[in-house]
$ cat query-v4.pdb   # PDB, N, CA and C atoms
ATOM      1  N   MET I   1     -31.331-128.267-112.306
ATOM      2  CA  MET I   1     -30.641-127.368-113.224
ATOM      3  C   MET I   1     -30.673-127.979-114.631
ATOM      4  N   THR I   2     -30.915-127.159-115.623
ATOM      5  CA  THR I   2     -30.988-127.606-117.007
ATOM      6  C   THR I   2     -29.595-127.671-117.616
ATOM      7  N   ASP I   3     -29.286-128.784-118.238
ATOM      8  CA  ASP I   3     -28.020-128.933-118.952
ATOM      9  C   ASP I   3     -28.105-128.112-120.236
ATOM     10  N   ILE I   4     -27.086-127.302-120.508
ATOM     11  CA  ILE I   4     -27.090-126.435-121.694
ATOM     12  C   ILE I   4     -27.273-127.237-122.985
ATOM     13  N   TYR I   5     -26.872-128.490-122.966
ATOM     14  CA  TYR I   5     -26.953-129.313-124.171
ATOM     15  C   TYR I   5     -28.210-130.164-124.231
ATOM     16  N   SER I   6     -29.217-129.861-123.426
ATOM     17  CA  SER I   6     -30.426-130.679-123.418
ATOM     18  C   SER I   6     -31.566-130.080-124.242
ATOM     19  N   LYS I   7     -31.436-128.820-124.659
ATOM     20  CA  LYS I   7     -32.476-128.209-125.482
ATOM     21  C   LYS I   7     -31.819-127.239-126.464
ATOM     22  N   PRO I   8     -32.551-126.819-127.499
ATOM     23  CA  PRO I   8     -31.965-125.919-128.491
ATOM     24  C   PRO I   8     -31.427-124.637-127.863
ATOM     25  N   VAL I   9     -30.290-124.187-128.385
ATOM     26  CA  VAL I   9     -29.607-123.016-127.851
ATOM     27  C   VAL I   9     -28.983-122.241-129.007
ATOM     28  N   MET I  10     -28.976-120.926-128.895
ATOM     29  CA  MET I  10     -28.306-120.094-129.891
ATOM     30  C   MET I  10     -26.804-120.149-129.619
ATOM     31  N   VAL I  11     -26.011-120.275-130.685
ATOM     32  CA  VAL I  11     -24.559-120.405-130.567
ATOM     33  C   VAL I  11     -23.899-119.319-131.411
ATOM     34  N   ASP I  12     -22.924-118.642-130.800
ATOM     35  CA  ASP I  12     -22.169-117.610-131.502
ATOM     36  C   ASP I  12     -20.679-117.840-131.242
ATOM     37  N   PRO I  13     -19.989-118.512-132.173
ATOM     38  CA  PRO I  13     -18.561-118.765-132.003
ATOM     39  C   PRO I  13     -17.739-117.502-132.267
ATOM     40  N   PRO I  14     -16.457-117.513-131.932
ATOM     41  CA  PRO I  14     -15.597-116.355-132.209
ATOM     42  C   PRO I  14     -15.654-115.956-133.689
ATOM     43  N   SER I  15     -15.852-114.679-133.948
ATOM     44  CA  SER I  15     -15.974-114.138-135.320
ATOM     45  C   SER I  15     -17.097-114.805-136.100
ATOM     46  N   GLY I  16     -18.077-115.309-135.394
ATOM     47  CA  GLY I  16     -19.182-116.026-136.030
ATOM     48  C   GLY I  16     -19.959-115.205-137.045
ATOM     49  N   HIS I  17     -20.010-113.891-136.860
ATOM     50  CA  HIS I  17     -20.742-113.036-137.803
ATOM     51  C   HIS I  17     -20.201-113.163-139.227
ATOM     52  N   ARG I  18     -18.946-113.525-139.359
ATOM     53  CA  ARG I  18     -18.353-113.702-140.695
ATOM     54  C   ARG I  18     -18.910-114.921-141.428
ATOM     55  N   TYR I  19     -19.493-115.841-140.668
ATOM     56  CA  TYR I  19     -19.925-117.121-141.226
ATOM     57  C   TYR I  19     -21.413-117.369-141.018
ATOM     58  N   GLY I  20     -22.163-116.317-140.721
ATOM     59  CA  GLY I  20     -23.612-116.450-140.611
ATOM     60  C   GLY I  20     -24.130-116.824-139.229
ATOM     61  N   PHE I  21     -23.314-116.694-138.214
ATOM     62  CA  PHE I  21     -23.737-116.982-136.847
ATOM     63  C   PHE I  21     -24.122-115.680-136.166
ATOM     64  N   PRO I  22     -24.949-115.751-135.132
ATOM     65  CA  PRO I  22     -25.390-116.895-134.348
ATOM     66  C   PRO I  22     -26.456-117.717-135.079
ATOM     67  N   LYS I  23     -26.473-119.003-134.724
ATOM     68  CA  LYS I  23     -27.445-119.950-135.272
ATOM     69  C   LYS I  23     -27.967-120.830-134.148
ATOM     70  N   LEU I  24     -29.140-121.407-134.406
ATOM     71  CA  LEU I  24     -29.769-122.289-133.434
ATOM     72  C   LEU I  24     -29.194-123.698-133.557
ATOM     73  N   TYR I  25     -28.691-124.213-132.436
ATOM     74  CA  TYR I  25     -28.135-125.566-132.364
ATOM     75  C   TYR I  25     -29.056-126.424-131.514
ATOM     76  N   ASP I  26     -29.503-127.551-132.069
ATOM     77  CA  ASP I  26     -30.339-128.500-131.338
ATOM     78  C   ASP I  26     -29.532-129.784-131.140
ATOM     79  N   PRO I  27     -29.046-130.028-129.932
ATOM     80  CA  PRO I  27     -28.177-131.182-129.697
ATOM     81  C   PRO I  27     -28.860-132.523-129.967
ATOM     82  N   LYS I  28     -30.170-132.570-129.862
ATOM     83  CA  LYS I  28     -30.885-133.825-130.112
ATOM     84  C   LYS I  28     -30.942-134.154-131.597
ATOM     85  N   GLU I  29     -30.809-133.137-132.438
ATOM     86  CA  GLU I  29     -30.909-133.318-133.886
ATOM     87  C   GLU I  29     -29.565-133.248-134.601
ATOM     88  N   GLU I  30     -28.606-132.514-134.054
ATOM     89  CA  GLU I  30     -27.413-132.131-134.806
ATOM     90  C   GLU I  30     -26.122-132.866-134.465
ATOM     91  N   GLY I  31     -26.085-133.663-133.411
ATOM     92  CA  GLY I  31     -24.833-134.322-133.038
ATOM     93  C   GLY I  31     -23.920-133.385-132.267
ATOM     94  N   THR I  32     -22.601-133.612-132.364
ATOM     95  CA  THR I  32     -21.669-132.794-131.591
ATOM     96  C   THR I  32     -21.643-131.364-132.115
ATOM     97  N   MET I  33     -21.402-130.437-131.208
ATOM     98  CA  MET I  33     -21.405-129.032-131.590
ATOM     99  C   MET I  33     -20.277-128.704-132.565
ATOM    100  N   ARG I  34     -19.096-129.247-132.354
ATOM    101  CA  ARG I  34     -17.981-128.940-133.267
ATOM    102  C   ARG I  34     -18.278-129.423-134.684
ATOM    103  N   ASP I  35     -18.828-130.621-134.815
ATOM    104  CA  ASP I  35     -19.201-131.110-136.146
ATOM    105  C   ASP I  35     -20.281-130.234-136.764
ATOM    106  N   TRP I  36     -21.252-129.858-135.956
ATOM    107  CA  TRP I  36     -22.334-129.008-136.433
ATOM    108  C   TRP I  36     -21.812-127.648-136.903
ATOM    109  N   LEU I  37     -20.899-127.052-136.129
ATOM    110  CA  LEU I  37     -20.323-125.756-136.522
ATOM    111  C   LEU I  37     -19.703-125.833-137.913
ATOM    112  N   VAL I  38     -18.941-126.877-138.170
ATOM    113  CA  VAL I  38     -18.295-127.037-139.477
ATOM    114  C   VAL I  38     -19.339-127.254-140.565
ATOM    115  N   ARG I  39     -20.341-128.092-140.299
ATOM    116  CA  ARG I  39     -21.411-128.317-141.294
ATOM    117  C   ARG I  39     -22.151-127.025-141.613
ATOM    118  N   GLU I  40     -22.252-126.141-140.626
ATOM    119  CA  GLU I  40     -22.964-124.877-140.808
ATOM    120  C   GLU I  40     -22.094-123.780-141.409
ATOM    121  N   GLY I  41     -20.847-124.097-141.748
ATOM    122  CA  GLY I  41     -20.009-123.135-142.447
ATOM    123  C   GLY I  41     -18.899-122.502-141.635
ATOM    124  N   TYR I  42     -18.754-122.877-140.369
ATOM    125  CA  TYR I  42     -17.672-122.333-139.557
ATOM    126  C   TYR I  42     -16.395-123.096-139.886
ATOM    127  N   PRO I  43     -15.300-122.419-140.200
ATOM    128  CA  PRO I  43     -14.082-123.096-140.648
ATOM    129  C   PRO I  43     -13.419-123.944-139.544
ATOM    130  N   GLN I  44     -13.067-125.164-139.903
ATOM    131  CA  GLN I  44     -12.344-126.032-138.977
ATOM    132  C   GLN I  44     -11.048-125.371-138.526
ATOM    133  N   SER I  45     -10.431-124.600-139.403
ATOM    134  CA  SER I  45      -9.174-123.933-139.055
ATOM    135  C   SER I  45      -9.357-122.951-137.888
ATOM    136  N   GLU I  46     -10.527-122.303-137.805
ATOM    137  CA  GLU I  46     -10.807-121.396-136.691
ATOM    138  C   GLU I  46     -10.922-122.172-135.381
ATOM    139  N   ILE I  47     -11.522-123.339-135.439
ATOM    140  CA  ILE I  47     -11.641-124.194-134.253
ATOM    141  C   ILE I  47     -10.260-124.680-133.839
ATOM    142  N   ASP I  48      -9.466-125.101-134.813
ATOM    143  CA  ASP I  48      -8.128-125.634-134.532
ATOM    144  C   ASP I  48      -7.208-124.589-133.909
ATOM    145  N   LYS I  49      -7.358-123.331-134.311
ATOM    146  CA  LYS I  49      -6.527-122.256-133.752
ATOM    147  C   LYS I  49      -6.681-122.142-132.242
ATOM    148  N   CYS I  50      -7.854-122.462-131.749
ATOM    149  CA  CYS I  50      -8.141-122.325-130.319
ATOM    150  C   CYS I  50      -7.702-123.536-129.510
ATOM    151  N   GLY I  51      -7.339-124.600-130.184
ATOM    152  CA  GLY I  51      -6.914-125.801-129.464
ATOM    153  C   GLY I  51      -8.043-126.379-128.632
ATOM    154  N   GLU I  52      -7.720-126.770-127.410
ATOM    155  CA  GLU I  52      -8.727-127.381-126.544
ATOM    156  C   GLU I  52      -9.633-126.348-125.879
ATOM    157  N   HIS I  53      -9.306-125.084-126.014
ATOM    158  CA  HIS I  53     -10.079-124.032-125.361
ATOM    159  C   HIS I  53     -10.857-123.223-126.391
ATOM    160  N   PHE I  54     -11.838-123.870-126.983
ATOM    161  CA  PHE I  54     -12.694-123.229-127.973
ATOM    162  C   PHE I  54     -13.991-122.818-127.276
ATOM    163  N   TYR I  55     -14.211-121.516-127.157
ATOM    164  CA  TYR I  55     -15.375-121.006-126.436
ATOM    165  C   TYR I  55     -16.359-120.349-127.390
ATOM    166  N   CYS I  56     -17.646-120.512-127.074
ATOM    167  CA  CYS I  56     -18.730-119.861-127.815
ATOM    168  C   CYS I  56     -19.645-119.170-126.821
ATOM    169  N   ARG I  57     -20.369-118.172-127.317
ATOM    170  CA  ARG I  57     -21.441-117.582-126.506
ATOM    171  C   ARG I  57     -22.704-118.392-126.746
ATOM    172  N   PHE I  58     -23.504-118.573-125.690
ATOM    173  CA  PHE I  58     -24.748-119.332-125.771
ATOM    174  C   PHE I  58     -25.875-118.558-125.116
ATOM    175  N   TRP I  59     -27.086-118.711-125.653
ATOM    176  CA  TRP I  59     -28.284-118.239-124.976
ATOM    177  C   TRP I  59     -29.469-118.993-125.552
ATOM    178  N   TYR I  60     -30.505-119.066-124.739
ATOM    179  CA  TYR I  60     -31.723-119.745-125.175
ATOM    180  C   TYR I  60     -32.593-118.762-125.950
ATOM    181  N   PRO I  61     -33.259-119.226-127.004
ATOM    182  CA  PRO I  61     -34.079-118.324-127.818
ATOM    183  C   PRO I  61     -35.115-117.540-127.007
ATOM    184  N   GLU I  62     -35.694-118.162-125.985
ATOM    185  CA  GLU I  62     -36.690-117.457-125.186
ATOM    186  C   GLU I  62     -36.069-116.294-124.406
ATOM    187  N   GLU I  63     -34.800-116.370-124.064
ATOM    188  CA  GLU I  63     -34.117-115.258-123.411
ATOM    189  C   GLU I  63     -33.947-114.093-124.370
ATOM    190  N   GLU I  64     -33.671-114.404-125.629
ATOM    191  CA  GLU I  64     -33.528-113.365-126.648
ATOM    192  C   GLU I  64     -34.834-112.606-126.806
ATOM    193  N   GLN I  65     -35.940-113.326-126.816
ATOM    194  CA  GLN I  65     -37.241-112.687-126.956
ATOM    195  C   GLN I  65     -37.525-111.784-125.765
ATOM    196  N   SER I  66     -37.209-112.226-124.551
ATOM    197  CA  SER I  66     -37.504-111.395-123.395
ATOM    198  C   SER I  66     -36.651-110.127-123.385
ATOM    199  N   LEU I  67     -35.460-110.165-123.936
ATOM    200  CA  LEU I  67     -34.615-108.979-124.000
ATOM    201  C   LEU I  67     -35.181-107.933-124.950
ATOM    202  N   THR I  68     -35.833-108.369-126.016
ATOM    203  CA  THR I  68     -36.379-107.423-126.985
ATOM    204  C   THR I  68     -37.654-106.762-126.493
ATOM    205  N   GLN I  69     -38.200-107.238-125.388
ATOM    206  CA  GLN I  69     -39.440-106.668-124.874
ATOM    207  C   GLN I  69     -39.211-105.444-123.998
ATOM    208  N   PHE I  70     -37.972-105.085-123.714
ATOM    209  CA  PHE I  70     -37.684-103.920-122.873
ATOM    210  C   PHE I  70     -37.866-102.637-123.642
TER     211      PHE I  70
END

$ encode --input "query-v4.pdb" --output "structure tokens"
Amino acid sequence: MTDIYSKPVMVDPPSGHRYGFPKLYDPKEEGTMRDWLVREGYPQSEIDKCGEHFYCRFWYPEEEQSLTQF
């Protein structure tokens, strides 16, 4: 089974459209996801509001491409 954090993945945090998301996150290049979200313009205050239960939607770019082929 592939670990979600082992290859690039599209990330869409709550209300992400307001801040330019979804965006491609590469864990090998970007460090922790929370730090990356803030560097990419997602407000720390939005993360803090969720406490320890901060959820994002994830998908692999190749899955997005296969969906557009229908």

$ atom_distance --input "query-v4.pdb" --atom1 "atom C of Pro61 (chain I)" --atom2 "atom C of Lys49 (chain I)"
29.3 Å

$ closest_residue --input "query-v4.pdb" --among "I:Ser6, I:Glu40, I:Met33, I:Pro13" --to "Arg57 (chain I)" --atoms "only N, CA and C atoms"
I:Pro13

$ residues_around --input "query-v4.pdb" --residues "Pro14 (chain I)" --least-positions-apart "4" --cutoff "8 Å" --atoms "all atoms listed in the file" --output "PyMOL selection string"
chain I and resi 18-19+46+54-57

$ atom_distance --input "query-v4.pdb" --atom1 "atom N of Cys50 (chain I)" --atom2 "atom C of Pro27 (chain I)"
23.4 Å

$ closest_residue --input "query-v4.pdb" --among "I:Ser15, I:Tyr42, I:Ile47, I:Lys7" --to "Lys28 (chain I)" --atoms "only C-alpha atoms"
I:Lys7

$ atom_distance --input "query-v4.pdb" --atom1 "CA of Pro43 (chain I)" --atom2 "CA of Tyr60 (chain I)"
23.7 Å

$ closest_residue --input "query-v4.pdb" --among "I:Tyr25, I:Gln44, I:Met10, I:Gly31" --to "Phe58 (chain I)" --atoms "only C-alpha atoms"
I:Met10

$ axis_aligned_box --input "query-v4.pdb" --around "region 41-47 of chain I" --padding-each-side "5 Å" --output "AutoDock Vina command-line options"
--center_x -15.0 --center_y -123.7 --center_z -138.1 --size_x 21.7 --size_y 14.6 --size_z 18.6

$ select_by_dssp --input "query-v4.pdb" --residues "chain I" --states "helix (DSSP H, G or I)" --output "PyMOL selection string"
chain I and resi 4-6+16-19+27-30+33-39+44-49+61-68

$ closest_residue --input "query-v4.pdb" --among "I:Pro8, I:Arg34, I:Ser45, I:Glu29" --to "Trp59 (chain I)" --atoms "only C-alpha atoms"
I:Pro8

$ resolve_selection --input "query-v4.pdb" --expression "the PyMOL selection byres ((chain I and resi 23) around 6.5)" --output "tab-separated table (two decimals) with N, CA and C atoms, in the frame of the given file"
chain	number	residue	atom	x	y	z
I	9	VAL	N	-30.29	-124.19	-128.38
I	9	VAL	CA	-29.61	-123.02	-127.85
I	9	VAL	C	-28.98	-122.24	-129.01
I	10	MET	N	-28.98	-120.93	-128.90
I	10	MET	CA	-28.31	-120.09	-129.89
I	10	MET	C	-26.80	-120.15	-129.62
I	11	VAL	N	-26.01	-120.28	-130.68
I	11	VAL	CA	-24.56	-120.40	-130.57
I	11	VAL	C	-23.90	-119.32	-131.41
I	12	ASP	N	-22.92	-118.64	-130.80
I	12	ASP	CA	-22.17	-117.61	-131.50
I	12	ASP	C	-20.68	-117.84	-131.24
I	20	GLY	N	-22.16	-116.32	-140.72
I	20	GLY	CA	-23.61	-116.45	-140.61
I	20	GLY	C	-24.13	-116.82	-139.23
I	21	PHE	N	-23.31	-116.69	-138.21
I	21	PHE	CA	-23.74	-116.98	-136.85
I	21	PHE	C	-24.12	-115.68	-136.17
I	22	PRO	N	-24.95	-115.75	-135.13
I	22	PRO	CA	-25.39	-116.90	-134.35
I	22	PRO	C	-26.46	-117.72	-135.08
I	24	LEU	N	-29.14	-121.41	-134.41
I	24	LEU	CA	-29.77	-122.29	-133.43
I	24	LEU	C	-29.19	-123.70	-133.56
I	25	TYR	N	-28.69	-124.21	-132.44
I	25	TYR	CA	-28.14	-125.57	-132.36
I	25	TYR	C	-29.06	-126.42	-131.51
